[in-house]
file work-v2.cif (mmCIF, C-alpha atoms)
data_protein
#
loop_
_atom_site.label_atom_id
_atom_site.label_comp_id
_atom_site.auth_asym_id
_atom_site.auth_seq_id
_atom_site.Cartn_x
_atom_site.Cartn_y
_atom_site.Cartn_z
CA MET A 1 23.48 -26.48 -24.50
CA ASP A 2 26.96 -27.14 -23.11
CA VAL A 3 28.66 -25.44 -20.17
CA HIS A 4 32.26 -25.11 -19.06
CA GLU A 5 33.92 -27.48 -16.61
CA TYR A 6 33.88 -25.00 -13.72
CA GLN A 7 30.17 -24.33 -14.26
CA ALA A 8 29.37 -28.05 -14.32
CA LYS A 9 31.33 -28.49 -11.10
CA GLU A 10 29.46 -25.64 -9.42
CA LEU A 11 26.18 -27.36 -10.28
CA LEU A 12 27.42 -30.75 -9.10
CA ALA A 13 28.73 -29.30 -5.84
CA SER A 14 25.33 -27.71 -5.17
CA PHE A 15 23.88 -31.24 -5.22
CA GLY A 16 26.56 -32.63 -2.90
CA VAL A 17 29.11 -34.02 -5.33
CA PRO A 18 32.63 -33.59 -3.83
CA ILE A 19 34.97 -31.57 -6.06
CA PRO A 20 38.51 -30.20 -5.58
CA LYS A 21 38.81 -26.54 -4.60
CA GLY A 22 39.09 -24.25 -7.61
CA ALA A 23 38.41 -20.81 -9.05
CA VAL A 24 37.93 -19.38 -12.53
CA ALA A 25 40.31 -16.73 -13.88
CA PHE A 26 40.14 -14.44 -16.92
CA SER A 27 43.71 -13.12 -16.74
CA PRO A 28 47.14 -14.33 -15.56
CA ASP A 29 46.95 -12.06 -12.51
CA GLN A 30 43.59 -13.54 -11.54
CA ALA A 31 45.03 -17.04 -11.97
CA VAL A 32 47.91 -16.25 -9.60
CA TYR A 33 45.49 -14.71 -7.08
CA ALA A 34 43.27 -17.80 -7.31
CA ALA A 35 46.21 -20.13 -6.68
CA THR A 36 47.29 -18.05 -3.69
CA GLU A 37 43.80 -18.07 -2.22
CA LEU A 38 43.38 -21.82 -2.76
CA GLY A 39 46.64 -22.55 -0.99
CA GLY A 40 48.70 -25.68 -1.31
CA GLY A 41 51.75 -26.27 -3.44
CA HIS A 42 50.33 -27.96 -6.55
CA TRP A 43 47.75 -26.57 -8.95
CA ALA A 44 46.20 -27.49 -12.27
CA VAL A 45 45.51 -24.67 -14.75
CA LYS A 46 42.79 -25.84 -17.15
CA ALA A 47 41.69 -24.19 -20.37
CA GLN A 48 37.90 -23.78 -20.38
CA ILE A 49 36.36 -24.76 -23.72
CA HIS A 50 33.32 -26.79 -24.72
CA ALA A 51 35.29 -29.87 -25.75
CA GLY A 52 37.08 -32.80 -24.24
CA ALA A 53 40.59 -34.24 -24.72
CA ARG A 54 42.12 -30.98 -23.44
CA GLY A 55 44.94 -32.75 -21.63
CA LYS A 56 46.27 -34.40 -24.80
CA ALA A 57 46.19 -31.01 -26.56
CA GLY A 58 48.16 -29.20 -23.86
CA GLY A 59 45.11 -27.51 -22.36
CA ILE A 60 45.80 -28.69 -18.80
CA ARG A 61 49.03 -27.65 -17.05
CA LEU A 62 50.28 -28.90 -13.69
CA CYS A 63 52.12 -26.18 -11.75
CA ARG A 64 54.27 -26.17 -8.63
CA THR A 65 54.76 -22.41 -8.21
CA THR A 66 52.67 -19.30 -8.79
CA HIS A 67 55.18 -18.31 -11.49
CA GLU A 68 54.29 -21.49 -13.37
CA VAL A 69 50.59 -20.70 -12.85
CA ARG A 70 51.08 -17.26 -14.41
CA ASP A 71 53.05 -18.69 -17.35
CA ALA A 72 50.43 -21.37 -17.96
CA ALA A 73 47.58 -18.85 -17.90
CA MET A 74 49.47 -16.49 -20.21
CA ASP A 75 50.08 -19.30 -22.68
CA LEU A 76 46.49 -20.60 -22.66
CA LEU A 77 44.42 -17.41 -22.54
CA GLY A 78 43.69 -15.91 -25.93
CA ARG A 79 44.71 -18.93 -27.99
CA ARG A 80 42.54 -21.35 -29.94
CA LEU A 81 42.87 -24.82 -28.48
CA VAL A 82 42.60 -27.66 -30.99
CA THR A 83 41.60 -31.07 -29.61
CA GLN A 84 40.25 -34.30 -31.06
CA GLN A 85 36.73 -32.98 -30.46
CA THR A 86 37.01 -29.39 -31.75
CA GLY A 87 38.03 -29.96 -35.34
CA PRO A 88 40.97 -28.14 -36.96
CA GLU A 89 39.51 -24.70 -36.24
CA GLY A 90 39.71 -25.23 -32.45
CA LYS A 91 37.89 -23.19 -29.81
CA PRO A 92 38.92 -19.91 -28.18
CA VAL A 93 40.22 -19.97 -24.60
CA GLN A 94 38.82 -16.95 -22.78
CA ARG A 95 39.07 -18.28 -19.21
CA VAL A 96 41.03 -20.84 -17.22
CA TYR A 97 40.15 -22.83 -14.14
CA VAL A 98 42.76 -22.99 -11.40
CA GLU A 99 42.33 -26.04 -9.18
CA THR A 100 44.21 -27.66 -6.33
CA ALA A 101 46.05 -30.72 -7.62
CA ASP A 102 45.94 -33.20 -4.75
CA PRO A 103 47.49 -36.63 -5.36
CA PHE A 104 45.13 -39.52 -6.05
CA GLU A 105 45.47 -43.27 -6.37
CA ARG A 106 42.82 -44.33 -8.90
CA GLU A 107 40.97 -42.90 -11.88
CA LEU A 108 37.43 -44.07 -12.64
CA TYR A 109 34.79 -43.13 -15.20
CA LEU A 110 31.19 -42.16 -14.38
CA GLY A 111 28.63 -40.95 -16.90
CA PHE A 112 24.90 -40.37 -17.23
CA VAL A 113 23.22 -40.10 -20.60
CA LEU A 114 19.66 -39.86 -21.88
CA ASP A 115 19.30 -43.04 -23.95
CA ARG A 116 16.58 -42.20 -26.47
CA LYS A 117 16.36 -45.75 -27.81
CA VAL A 118 15.08 -47.16 -24.52
CA GLU A 119 13.67 -43.82 -23.25
CA ARG A 120 15.60 -44.15 -20.02
CA VAL A 121 18.57 -42.61 -18.24
CA ARG A 122 21.59 -44.87 -18.63
CA VAL A 123 24.39 -44.84 -16.05
CA VAL A 124 27.80 -45.88 -17.40
CA ALA A 125 30.84 -46.54 -15.23
CA SER A 126 34.29 -48.03 -15.76
CA LYS A 127 37.48 -48.78 -13.87
CA ALA A 128 39.39 -47.23 -16.79
CA GLY A 129 39.06 -43.56 -15.97
CA GLY A 130 40.93 -40.77 -17.70
CA MET A 131 40.29 -42.29 -21.14
CA ASP A 132 37.73 -41.36 -23.78
CA ILE A 133 34.60 -43.46 -23.31
CA GLU A 134 34.60 -44.22 -27.06
CA GLU A 135 38.11 -45.63 -26.72
CA ILE A 136 37.06 -47.78 -23.77
CA ALA A 137 34.01 -49.07 -25.64
CA ALA A 138 36.11 -49.93 -28.69
CA THR A 139 39.05 -51.60 -26.95
CA ASP A 140 37.37 -53.24 -23.97
CA PRO A 141 33.55 -53.11 -24.07
CA ASP A 142 33.31 -55.52 -21.14
CA ALA A 143 34.92 -52.85 -18.95
CA LEU A 144 31.77 -50.75 -19.16
CA LEU A 145 29.34 -51.15 -16.25
CA GLN A 146 25.80 -50.02 -17.05
CA VAL A 147 22.54 -49.42 -15.21
CA VAL A 148 19.31 -48.45 -16.94
CA VAL A 149 17.29 -46.33 -14.51
CA GLU A 150 13.60 -47.11 -14.01
CA PRO A 151 11.93 -43.67 -14.28
CA ALA A 152 9.12 -44.51 -11.89
CA VAL A 153 11.52 -44.83 -8.94
CA GLY A 154 14.78 -43.27 -10.15
CA LEU A 155 18.26 -44.53 -9.41
CA GLN A 156 18.26 -46.51 -6.18
CA PRO A 157 21.03 -46.56 -3.54
CA PHE A 158 21.46 -50.32 -3.90
CA GLU A 159 22.17 -49.85 -7.64
CA ALA A 160 24.78 -47.20 -6.86
CA ARG A 161 26.29 -49.52 -4.22
CA GLU A 162 26.52 -52.39 -6.73
CA LEU A 163 28.31 -50.07 -9.16
CA ALA A 164 30.74 -49.00 -6.45
CA PHE A 165 31.65 -52.59 -5.59
CA GLN A 166 31.95 -53.51 -9.29
CA LEU A 167 34.42 -50.65 -9.65
CA GLY A 168 36.61 -52.42 -7.12
CA LEU A 169 36.31 -49.86 -4.34
CA SER A 170 37.07 -50.73 -0.75
CA ILE A 171 34.55 -50.66 2.09
CA LYS A 172 35.87 -47.25 3.17
CA GLN A 173 35.45 -45.83 -0.32
CA VAL A 174 32.04 -47.29 -1.17
CA GLY A 175 30.09 -44.90 1.05
CA GLY A 176 31.59 -41.82 -0.59
CA ALA A 177 31.14 -43.33 -4.05
CA VAL A 178 27.45 -44.06 -3.44
CA LYS A 179 26.91 -40.50 -2.25
CA THR A 180 28.68 -39.14 -5.34
CA ILE A 181 26.75 -41.36 -7.76
CA MET A 182 23.37 -40.53 -6.21
CA SER A 183 24.14 -36.80 -6.01
CA ALA A 184 25.31 -36.75 -9.62
CA TYR A 185 22.11 -38.52 -10.70
CA ARG A 186 19.98 -35.92 -8.90
CA ALA A 187 21.93 -33.13 -10.61
CA PHE A 188 21.39 -34.80 -13.98
CA ARG A 189 17.67 -35.29 -13.36
CA ASP A 190 16.80 -31.99 -11.69
CA CYS A 191 18.73 -29.81 -14.15
CA ASP A 192 17.19 -31.38 -17.28
CA ALA A 193 20.59 -32.58 -18.46
CA THR A 194 21.03 -34.86 -21.44
CA MET A 195 24.63 -35.82 -20.63
CA LEU A 196 26.84 -35.74 -17.55
CA GLU A 197 30.36 -37.10 -17.67
CA ILE A 198 32.79 -37.23 -14.76
CA ASN A 199 36.09 -38.35 -16.21
CA PRO A 200 38.07 -38.98 -14.20
CA LEU A 201 36.31 -39.67 -10.93
CA VAL A 202 39.31 -40.09 -8.65
CA VAL A 203 39.95 -41.88 -5.37
CA THR A 204 42.40 -39.99 -3.16
CA ARG A 205 44.93 -41.49 -0.75
CA ASP A 206 42.62 -40.72 2.18
CA ASP A 207 39.75 -42.65 0.51
CA ARG A 208 37.79 -39.61 -0.72
CA VAL A 209 35.97 -39.81 -4.07
CA LEU A 210 36.21 -36.58 -6.07
CA ALA A 211 34.94 -35.36 -9.45
CA LEU A 212 38.23 -34.23 -10.98
CA ASP A 213 36.63 -33.24 -14.29
CA ALA A 214 33.04 -32.74 -15.39
CA LYS A 215 31.10 -32.14 -18.60
CA MET A 216 27.37 -31.41 -18.79
CA SER A 217 24.93 -30.84 -21.64
CA PHE A 218 21.35 -29.67 -21.19
CA ASP A 219 18.07 -29.97 -23.06
CA ASP A 220 17.58 -26.70 -24.96
CA ASN A 221 13.81 -27.16 -24.79
CA ALA A 222 13.89 -27.10 -20.98
CA LEU A 223 16.03 -23.99 -20.54
CA PHE A 224 12.95 -21.78 -20.12
CA ARG A 225 12.58 -23.26 -16.64
CA ARG A 226 16.31 -23.33 -15.91
CA ARG A 227 17.21 -19.66 -16.27
CA ALA A 228 20.30 -19.96 -14.06
CA ILE A 229 21.66 -22.65 -16.38
CA ALA A 230 20.64 -20.75 -19.52
CA ASP A 231 22.66 -17.78 -18.25
CA MET A 232 25.76 -19.99 -18.25
CA HIS A 233 25.75 -20.15 -22.05
CA ASP A 234 29.02 -18.96 -23.61
CA PRO A 235 28.34 -17.84 -27.21
CA SER A 236 32.06 -17.69 -28.00
CA GLN A 237 32.13 -21.50 -27.97
CA SER A 238 29.57 -21.96 -30.75
CA ASP A 239 29.26 -20.95 -34.40
CA PRO A 240 28.17 -17.28 -34.34
CA ARG A 241 25.69 -18.04 -37.10
CA GLU A 242 24.01 -20.64 -34.89
CA ALA A 243 23.77 -18.10 -32.06
CA GLN A 244 22.26 -15.52 -34.41
CA ALA A 245 19.80 -18.11 -35.73
CA ALA A 246 18.69 -18.99 -32.20
CA GLU A 247 17.89 -15.33 -31.52
CA HIS A 248 15.37 -15.45 -34.39
CA ASN A 249 14.01 -18.93 -33.54
CA LEU A 250 15.72 -20.46 -36.55
CA ASN A 251 17.44 -23.85 -36.43
CA TYR A 252 20.78 -23.55 -38.23
CA ILE A 253 23.77 -25.89 -38.42
CA GLY A 254 26.72 -25.00 -40.63
CA LEU A 255 28.19 -27.70 -42.88
CA GLU A 256 30.97 -27.74 -45.48
CA GLY A 257 29.13 -27.86 -48.82
CA GLU A 258 28.30 -25.25 -51.46
CA ILE A 259 24.47 -25.27 -51.65
CA GLY A 260 22.73 -23.24 -48.98
CA CYS A 261 19.37 -24.64 -47.85
CA ILE A 262 16.34 -22.74 -46.57
CA VAL A 263 13.59 -25.20 -45.71
CA ASN A 264 10.56 -25.38 -43.43
CA GLY A 265 10.49 -28.43 -41.19
CA ALA A 266 13.37 -30.52 -39.90
CA GLY A 267 12.29 -33.66 -41.75
CA LEU A 268 11.98 -31.86 -45.07
CA ALA A 269 15.34 -30.18 -44.43
CA MET A 270 16.97 -33.59 -43.98
CA ALA A 271 15.27 -34.89 -47.13
CA THR A 272 16.45 -31.82 -49.04
CA MET A 273 20.03 -32.37 -47.94
CA ASP A 274 19.82 -36.04 -48.93
CA MET A 275 18.42 -35.13 -52.36
CA ILE A 276 21.21 -32.59 -52.93
CA LYS A 277 23.80 -35.30 -52.20
CA HIS A 278 21.88 -37.75 -54.42
CA ALA A 279 22.11 -35.20 -57.23
CA GLY A 280 25.88 -34.95 -56.76
CA GLY A 281 26.12 -31.82 -54.62
CA GLU A 282 26.96 -30.98 -51.03
CA PRO A 283 24.67 -29.01 -48.66
CA ALA A 284 26.26 -26.00 -46.96
CA ASN A 285 23.92 -25.98 -44.00
CA PHE A 286 20.83 -27.29 -42.27
CA LEU A 287 18.31 -24.46 -41.82
CA ASP A 288 14.73 -24.91 -40.66
CA VAL A 289 12.71 -21.66 -40.75
CA GLY A 290 9.87 -23.28 -38.81
CA GLY A 291 6.16 -23.58 -39.35
CA GLY A 292 5.21 -19.91 -38.97
CA ALA A 293 8.05 -18.15 -40.75
CA SER A 294 7.38 -14.46 -41.39
CA PRO A 295 9.00 -12.57 -44.29
CA HIS A 296 11.41 -11.00 -41.78
CA ARG A 297 12.57 -14.42 -40.55
CA VAL A 298 13.01 -15.65 -44.11
CA ALA A 299 15.13 -12.58 -44.89
CA THR A 300 17.19 -13.33 -41.76
CA ALA A 301 17.63 -16.91 -42.99
CA PHE A 302 19.06 -15.59 -46.26
CA ARG A 303 21.58 -13.46 -44.38
CA LEU A 304 22.68 -16.47 -42.34
CA VAL A 305 23.14 -18.66 -45.39
CA LEU A 306 24.99 -15.95 -47.32
CA SER A 307 27.35 -15.34 -44.41
CA ASP A 308 29.04 -18.62 -45.41
CA PRO A 309 31.61 -17.74 -48.10
CA ASN A 310 31.46 -21.32 -49.45
CA VAL A 311 27.84 -20.95 -50.61
CA LYS A 312 27.64 -20.95 -54.42
CA ALA A 313 23.85 -21.41 -54.74
CA ILE A 314 20.77 -21.32 -52.53
CA LEU A 315 17.87 -23.77 -52.59
CA VAL A 316 14.59 -22.65 -50.99
CA ASN A 317 12.30 -25.64 -50.51
CA ILE A 318 8.93 -24.96 -48.88
CA PHE A 319 6.08 -27.41 -48.45
CA ALA A 320 3.50 -25.18 -46.82
CA GLY A 321 0.99 -26.55 -44.36
CA ILE A 322 0.99 -24.40 -41.25
CA ASN A 323 3.22 -22.04 -43.21
CA ARG A 324 2.09 -20.21 -46.37
CA CYS A 325 3.84 -20.04 -49.70
CA ASP A 326 2.93 -16.37 -50.17
CA TRP A 327 4.69 -15.53 -46.87
CA ILE A 328 7.80 -17.35 -48.02
CA ALA A 329 7.66 -15.66 -51.42
CA GLU A 330 7.38 -12.25 -49.75
CA GLY A 331 10.38 -13.16 -47.61
CA VAL A 332 12.40 -14.15 -50.68
CA VAL A 333 11.56 -10.85 -52.39
CA GLN A 334 12.34 -8.86 -49.22
CA ALA A 335 15.66 -10.63 -48.80
CA ALA A 336 16.61 -9.97 -52.42
CA ARG A 337 15.92 -6.26 -51.92
CA GLU A 338 17.76 -6.01 -48.59
CA VAL A 339 20.65 -8.39 -49.24
CA GLU A 340 22.76 -8.75 -52.35
CA ILE A 341 22.28 -12.45 -52.99
CA GLY A 342 24.87 -12.74 -55.74
CA VAL A 343 24.47 -16.52 -56.25
CA PRO A 344 21.93 -18.61 -58.21
CA LEU A 345 18.65 -18.95 -56.34
CA VAL A 346 16.45 -22.03 -56.79
CA VAL A 347 12.92 -21.89 -55.34
CA ARG A 348 10.46 -24.73 -54.98
CA LEU A 349 7.07 -23.97 -53.42
CA ALA A 350 4.22 -26.40 -52.73
CA GLY A 351 1.17 -26.47 -50.49
CA THR A 352 -0.92 -23.67 -48.98
CA ASN A 353 -1.28 -20.58 -51.21
CA VAL A 354 1.24 -21.96 -53.70
CA GLU A 355 -0.27 -20.12 -56.66
CA ALA A 356 -0.24 -16.82 -54.78
CA GLY A 357 3.38 -17.44 -53.83
CA LYS A 358 4.42 -18.18 -57.40
CA ALA A 359 2.61 -15.03 -58.58
CA ILE A 360 4.55 -12.90 -56.07
CA LEU A 361 7.84 -14.31 -57.33
CA GLU A 362 6.89 -13.74 -60.97
CA ARG A 363 5.86 -10.12 -60.34
CA SER A 364 9.06 -9.41 -58.42
CA GLY A 365 11.26 -9.59 -61.50
CA LEU A 366 13.90 -11.55 -59.56
CA ASP A 367 16.43 -13.62 -61.47
CA LEU A 368 15.62 -17.00 -59.95
CA ILE A 369 15.19 -20.62 -60.95
CA THR A 370 11.87 -22.31 -60.16
CA ALA A 371 11.13 -26.00 -59.73
CA ASP A 372 7.98 -28.05 -59.12
CA THR A 373 9.49 -31.08 -57.39
CA LEU A 374 12.25 -31.62 -54.84
CA THR A 375 14.22 -33.78 -57.27
CA GLU A 376 14.07 -31.09 -59.94
CA ALA A 377 15.05 -28.39 -57.43
CA ALA A 378 18.09 -30.35 -56.20
CA GLU A 379 19.27 -31.09 -59.73
CA LYS A 380 18.93 -27.45 -60.76
CA ALA A 381 20.81 -26.28 -57.66
CA VAL A 382 23.68 -28.69 -58.36
CA ALA A 383 23.76 -27.62 -62.01
CA ALA A 384 23.82 -23.95 -60.97
CA VAL A 385 26.84 -24.57 -58.73
CA ARG A 386 28.70 -26.30 -61.53
CA THR A 387 28.15 -23.36 -63.87
CA THR A 388 29.76 -21.00 -61.33
CA HIS A 389 33.05 -22.95 -61.26
#
call {"tool": "encode", "arguments": {"input": "work-v2.cif", "output": "structure tokens"}}
result
Amino acid sequence: MDVHEYQAKELLASFGVPIPKGAVAFSPDQAVYAATELGGGHWAVKAQIHAGARGKAGGIRLCRTTHEVRDAAMDLLGRRLVTQQTGPEGKPVQRVYVETADPFERELYLGFVLDRKVERVRVVASKAGGMDIEEIAATDPDALLQVVVEPAVGLQPFEARELAFQLGLSIKQVGGAVKTIMSAYRAFRDCDATMLEINPLVVTRDDRVLALDAKMSFDDNALFRRRAIADMHDPSQSDPREAQAAEHNLNYIGLEGEIGCIVNGAGLAMATMDMIKHAGGEPANFLDVGGGASPHRVATAFRLVLSDPNVKAILVNIFAGINRCDWIAEGVVQAAREVEIGVPLVVRLAGTNVEAGKAILERSGLDLITADTLTEAAEKAVAAVRTTH
């Protein structure tokens, strides 16, 4: 789960990470009020979306007067901001963050990521702040400073101090940098984050080290014990189908193909998508109904898949172990009665109660295509799509 910049900064500040003064606003009037309350003569008005590269897309405006703050907020609020990370559809801007824009001398990069290959937290830092980390890695990989954290003891102050000196900070600045790095690590660890990026981490003229921007992502599986973080979720920033799927404990990811997939098990879902591509088709989604899918959840899965106007056929592929083929068959029949499917439906069942499941489908009188193997099912789904063109 991702959060907005202002939410990430609130979390970081609660752990002692220094941040500039700022306030969130949902209207131009609120933005002007926030700027007035913050004081000063320079402000940054930042569009709040779950994506980076906002500055290059015009999502961050520097303002010298409250009139400019109002104009910036009016221009940003209500629009869809398209950046390198959003895709062509962009993301809606429903709030802006108004922040004091104090001058600074240097921009640095600081990031924490859960490295699954080594099963450790990896700290990444660079003198080249304000740039995309991918761009830094591609153009100058030697500029990346890295520390792999030993989980038994956590990040140590001496490691943070070494990073600070490697970043070229002065003696006056090292103390603040160490505090920021250690505080950011504690926020990452204690909030069950999977990614924390402070880009840029700036050094001001009076030797303060501030988190000028922040992005955080969290482990969905740990949100049950982080209710305050779970409440920060903004559904407007994600595919509404994915949000609906989460409400029914379904795992759904929309893609750009024409064959909708309803599968039990993430591994089998990936194999199904690969087989569809091998057969010459394109999957329209990843959808895992889980190991204990009830007929109601299967019917919900059909609604999700059919909500994509690009879907020209549906492939149901169930290998029942914990699940049962008769449950899935009942779900298929229920969905056909409740929802007008309107596209070719290919069903492949195998495993527990497979004969009972096939009998339910046969008695239903549904116009569907059956298959005994995954290869056969994928080929029939691709052929069905071609006949609709």
call {"tool": "closest_residue", "arguments": {"input": "work-v2.cif", "among": "A:Val24, A:Val113, A:Val316, A:Val343", "to": "A:Thr370", "atoms": "all atoms listed in the file"}}
result
A:Val316
call {"tool": "atom_distance", "arguments": {"input": "work-v2.cif", "atom1": "atom CA of A:Glu37", "atom2": "atom CA of A:Gly59"}}
result
22.3 Å
call {"tool": "residues_around", "arguments": {"input": "work-v2.cif", "residues": "stretch 132-146 of chain A", "least_positions_apart": "6", "cutoff": "7 Å", "atoms": "only C-alpha atoms", "output": "JSON, numbers by chain"}}
result
{"A": [122, 123, 124, 125, 126]}
call {"tool": "resolve_selection", "arguments": {"input": "work-v2.cif", "expression": "the PyMOL selection byres ((chain A and resi 108) around 12)", "output": "ChimeraX atom specification"}}
result
/A:104-107,109-111,124-133,136,143-145,163-164,166-169,177,197-204,209-213
call {"tool": "closest_residue", "arguments": {"input": "work-v2.cif", "among": "A:Asp326, A:Glu5, A:Glu150, A:Asp207", "to": "A:Pro103", "atoms": "only C-alpha atoms"}}
result
A:Asp207
call {"tool": "atom_distance", "arguments": {"input": "work-v2.cif", "atom1": "atom CA of A:Glu162", "atom2": "atom CA of A:Lys215"}}
result
23.9 Å
call {"tool": "residues_around", "arguments": {"input": "work-v2.cif", "residues": "stretch 64-81 of chain A", "least_positions_apart": "4", "cutoff": "10 Å", "atoms": "only C-alpha atoms", "output": "VMD selection string"}}
result
chain A and resid 25 to 36 40 to 49 51 54 57 to 60 86 to 98 101
call {"tool": "atom_distance", "arguments": {"input": "work-v2.cif", "atom1": "atom CA of A:Gln334", "atom2": "atom CA of A:Gly290"}}
result
18.0 Å
call {"tool": "residues_around", "arguments": {"input": "work-v2.cif", "residues": "A:Ala269", "least_positions_apart": "4", "cutoff": "7 Å", "atoms": "all atoms listed in the file", "output": "PyMOL selection string"}}
result
chain A and resi 263-265+273+286-288
call {"tool": "write_last_selection", "arguments": {"input": "work-v2.cif", "atoms": "C-alpha atoms", "output": "JSON list (two decimals), keeping the file's coordinate frame"}}
result
[["chain", "number", "residue", "atom", "x", "y", "z"],
["A", 263, "VAL", "CA", 13.59, -25.20, -45.71],
["A", 264, "ASN", "CA", 10.56, -25.38, -43.43],
["A", 265, "GLY", "CA", 10.49, -28.43, -41.19],
["A", 273, "MET", "CA", 20.03, -32.37, -47.94],
["A", 286, "PHE", "CA", 20.83, -27.29, -42.27],
["A", 287, "LEU", "CA", 18.31, -24.46, -41.82],
["A", 288, "ASP", "CA", 14.73, -24.91, -40.66]]
call {"tool": "resolve_selection", "arguments": {"input": "work-v2.cif", "expression": "the PyMOL selection byres ((chain A and resi 336) around 12)", "output": "NGL selection string"}}
result
:A and (295-296 or 298-303 or 306 or 329-335 or 337-345 or 361 or 364-368)
call {"tool": "residues_around", "arguments": {"input": "work-v2.cif", "residues": "A:Val385", "least_positions_apart": "2", "cutoff": "8 Å", "atoms": "only C-alpha atoms", "output": "PyMOL selection string"}}
result
chain A and resi 258-259+312-313+344+381-383+387-389
call {"tool": "write_last_selection", "arguments": {"input": "work-v2.cif", "atoms": "C-alpha atoms", "output": "PDB file, in the coordinates of the input"}}
result
ATOM      1  CA  GLU A 258      28.300 -25.250 -51.460  1.00  0.00           C
ATOM      2  CA  ILE A 259      24.470 -25.270 -51.650  1.00  0.00           C
ATOM      3  CA  LYS A 312      27.640 -20.950 -54.420  1.00  0.00           C
ATOM      4  CA  ALA A 313      23.850 -21.410 -54.740  1.00  0.00           C
ATOM      5  CA  PRO A 344      21.930 -18.610 -58.210  1.00  0.00           C
ATOM      6  CA  ALA A 381      20.810 -26.280 -57.660  1.00  0.00           C
ATOM      7  CA  VAL A 382      23.680 -28.690 -58.360  1.00  0.00           C
ATOM      8  CA  ALA A 383      23.760 -27.620 -62.010  1.00  0.00           C
ATOM      9  CA  THR A 387      28.150 -23.360 -63.870  1.00  0.00           C
ATOM     10  CA  THR A 388      29.760 -21.000 -61.330  1.00  0.00           C
ATOM     11  CA  HIS A 389      33.050 -22.950 -61.260  1.00  0.00           C
TER      12      HIS A 389
END
call {"tool": "axis_aligned_box", "arguments": {"input": "work-v2.cif", "around": "stretch 202-218 of chain A", "padding_each_side": "8 Å", "output": "lines of an AutoDock Vina configuration file"}}
result
center_x = 33.1
center_y = -36.2
center_z = -9.7
size_x = 39.6
size_y = 29.0
size_z = 39.8
call {"tool": "closest_residue", "arguments": {"input": "work-v2.cif", "among": "A:Ala230, A:Cys325, A:Ile171, A:Leu374", "to": "A:Asp274", "atoms": "only C-alpha atoms"}}
result
A:Leu374
call {"tool": "closest_residue", "arguments": {"input": "work-v2.cif", "among": "A:Thr100, A:Ile328, A:Lys277, A:Ala371", "to": "A:Ala356", "atoms": "all atoms listed in the file"}}
result
A:Ile328
call {"tool": "resolve_selection", "arguments": {"input": "work-v2.cif", "expression": "the PyMOL selection byres ((chain A and resi 192-196) around 12)", "output": "compact mmCIF listing (two decimals) with C-alpha atoms, in the frame of the given file"}}
result
# COMPACT_ATOMS: atom_id res chain seq x y z
CA MET A 1 23.48 -26.48 -24.50
CA ASP A 2 26.96 -27.14 -23.11
CA VAL A 3 28.66 -25.44 -20.17
CA GLU A 5 33.92 -27.48 -16.61
CA ALA A 8 29.37 -28.05 -14.32
CA LYS A 9 31.33 -28.49 -11.10
CA LEU A 11 26.18 -27.36 -10.28
CA LEU A 12 27.42 -30.75 -9.10
CA TYR A 109 34.79 -43.13 -15.20
CA LEU A 110 31.19 -42.16 -14.38
CA GLY A 111 28.63 -40.95 -16.90
CA PHE A 112 24.90 -40.37 -17.23
CA VAL A 113 23.22 -40.10 -20.60
CA LEU A 114 19.66 -39.86 -21.88
CA ASP A 115 19.30 -43.04 -23.95
CA ARG A 116 16.58 -42.20 -26.47
CA GLU A 119 13.67 -43.82 -23.25
CA ARG A 120 15.60 -44.15 -20.02
CA VAL A 121 18.57 -42.61 -18.24
CA ARG A 122 21.59 -44.87 -18.63
CA VAL A 123 24.39 -44.84 -16.05
CA VAL A 124 27.80 -45.88 -17.40
CA ALA A 125 30.84 -46.54 -15.23
CA ILE A 181 26.75 -41.36 -7.76
CA SER A 183 24.14 -36.80 -6.01
CA ALA A 184 25.31 -36.75 -9.62
CA TYR A 185 22.11 -38.52 -10.70
CA ARG A 186 19.98 -35.92 -8.90
CA ALA A 187 21.93 -33.13 -10.61
CA PHE A 188 21.39 -34.80 -13.98
CA ARG A 189 17.67 -35.29 -13.36
CA ASP A 190 16.80 -31.99 -11.69
CA CYS A 191 18.73 -29.81 -14.15
CA GLU A 197 30.36 -37.10 -17.67
CA ILE A 198 32.79 -37.23 -14.76
CA ASN A 199 36.09 -38.35 -16.21
CA ALA A 211 34.94 -35.36 -9.45
CA ASP A 213 36.63 -33.24 -14.29
CA ALA A 214 33.04 -32.74 -15.39
CA LYS A 215 31.10 -32.14 -18.60
CA MET A 216 27.37 -31.41 -18.79
CA SER A 217 24.93 -30.84 -21.64
CA PHE A 218 21.35 -29.67 -21.19
CA ASP A 219 18.07 -29.97 -23.06
CA ASP A 220 17.58 -26.70 -24.96
CA ASN A 221 13.81 -27.16 -24.79
CA ALA A 222 13.89 -27.10 -20.98
CA LEU A 223 16.03 -23.99 -20.54
CA PHE A 224 12.95 -21.78 -20.12
CA ARG A 225 12.58 -23.26 -16.64
CA ARG A 226 16.31 -23.33 -15.91
CA ARG A 227 17.21 -19.66 -16.27
CA ILE A 229 21.66 -22.65 -16.38
CA ALA A 230 20.64 -20.75 -19.52
call {"tool": "closest_residue", "arguments": {"input": "work-v2.cif", "among": "A:Ala384, A:Gly176, A:Pro235, A:Ile262", "to": "A:Val17", "atoms": "all atoms listed in the file"}}
result
A:Gly176
call {"tool": "closest_residue", "arguments": {"input": "work-v2.cif", "among": "A:Thr373, A:Asn251, A:Gln173, A:Gln7", "to": "A:Arg297", "atoms": "only C-alpha atoms"}}
result
A:Asn251
call {"tool": "residues_near_point", "arguments": {"input": "work-v2.cif", "point": "(30.2, -29.2, -47.0)", "cutoff": "6 Å", "atoms": "all atoms listed in the file", "output": "short mmCIF file (atom, residue, chain, number, x, y, z; two decimals) with C-alpha atoms, in the coordinates of the input"}}
result
data_model
loop_
_atom_site.label_atom_id
_atom_site.label_comp_id
_atom_site.auth_asym_id
_atom_site.auth_seq_id
_atom_site.Cartn_x
_atom_site.Cartn_y
_atom_site.Cartn_z
CA LEU A 255 28.19 -27.70 -42.88
CA GLU A 256 30.97 -27.74 -45.48
CA GLY A 257 29.13 -27.86 -48.82
CA GLU A 282 26.96 -30.98 -51.03
CA PRO A 283 24.67 -29.01 -48.66
CA ALA A 284 26.26 -26.00 -46.96
#
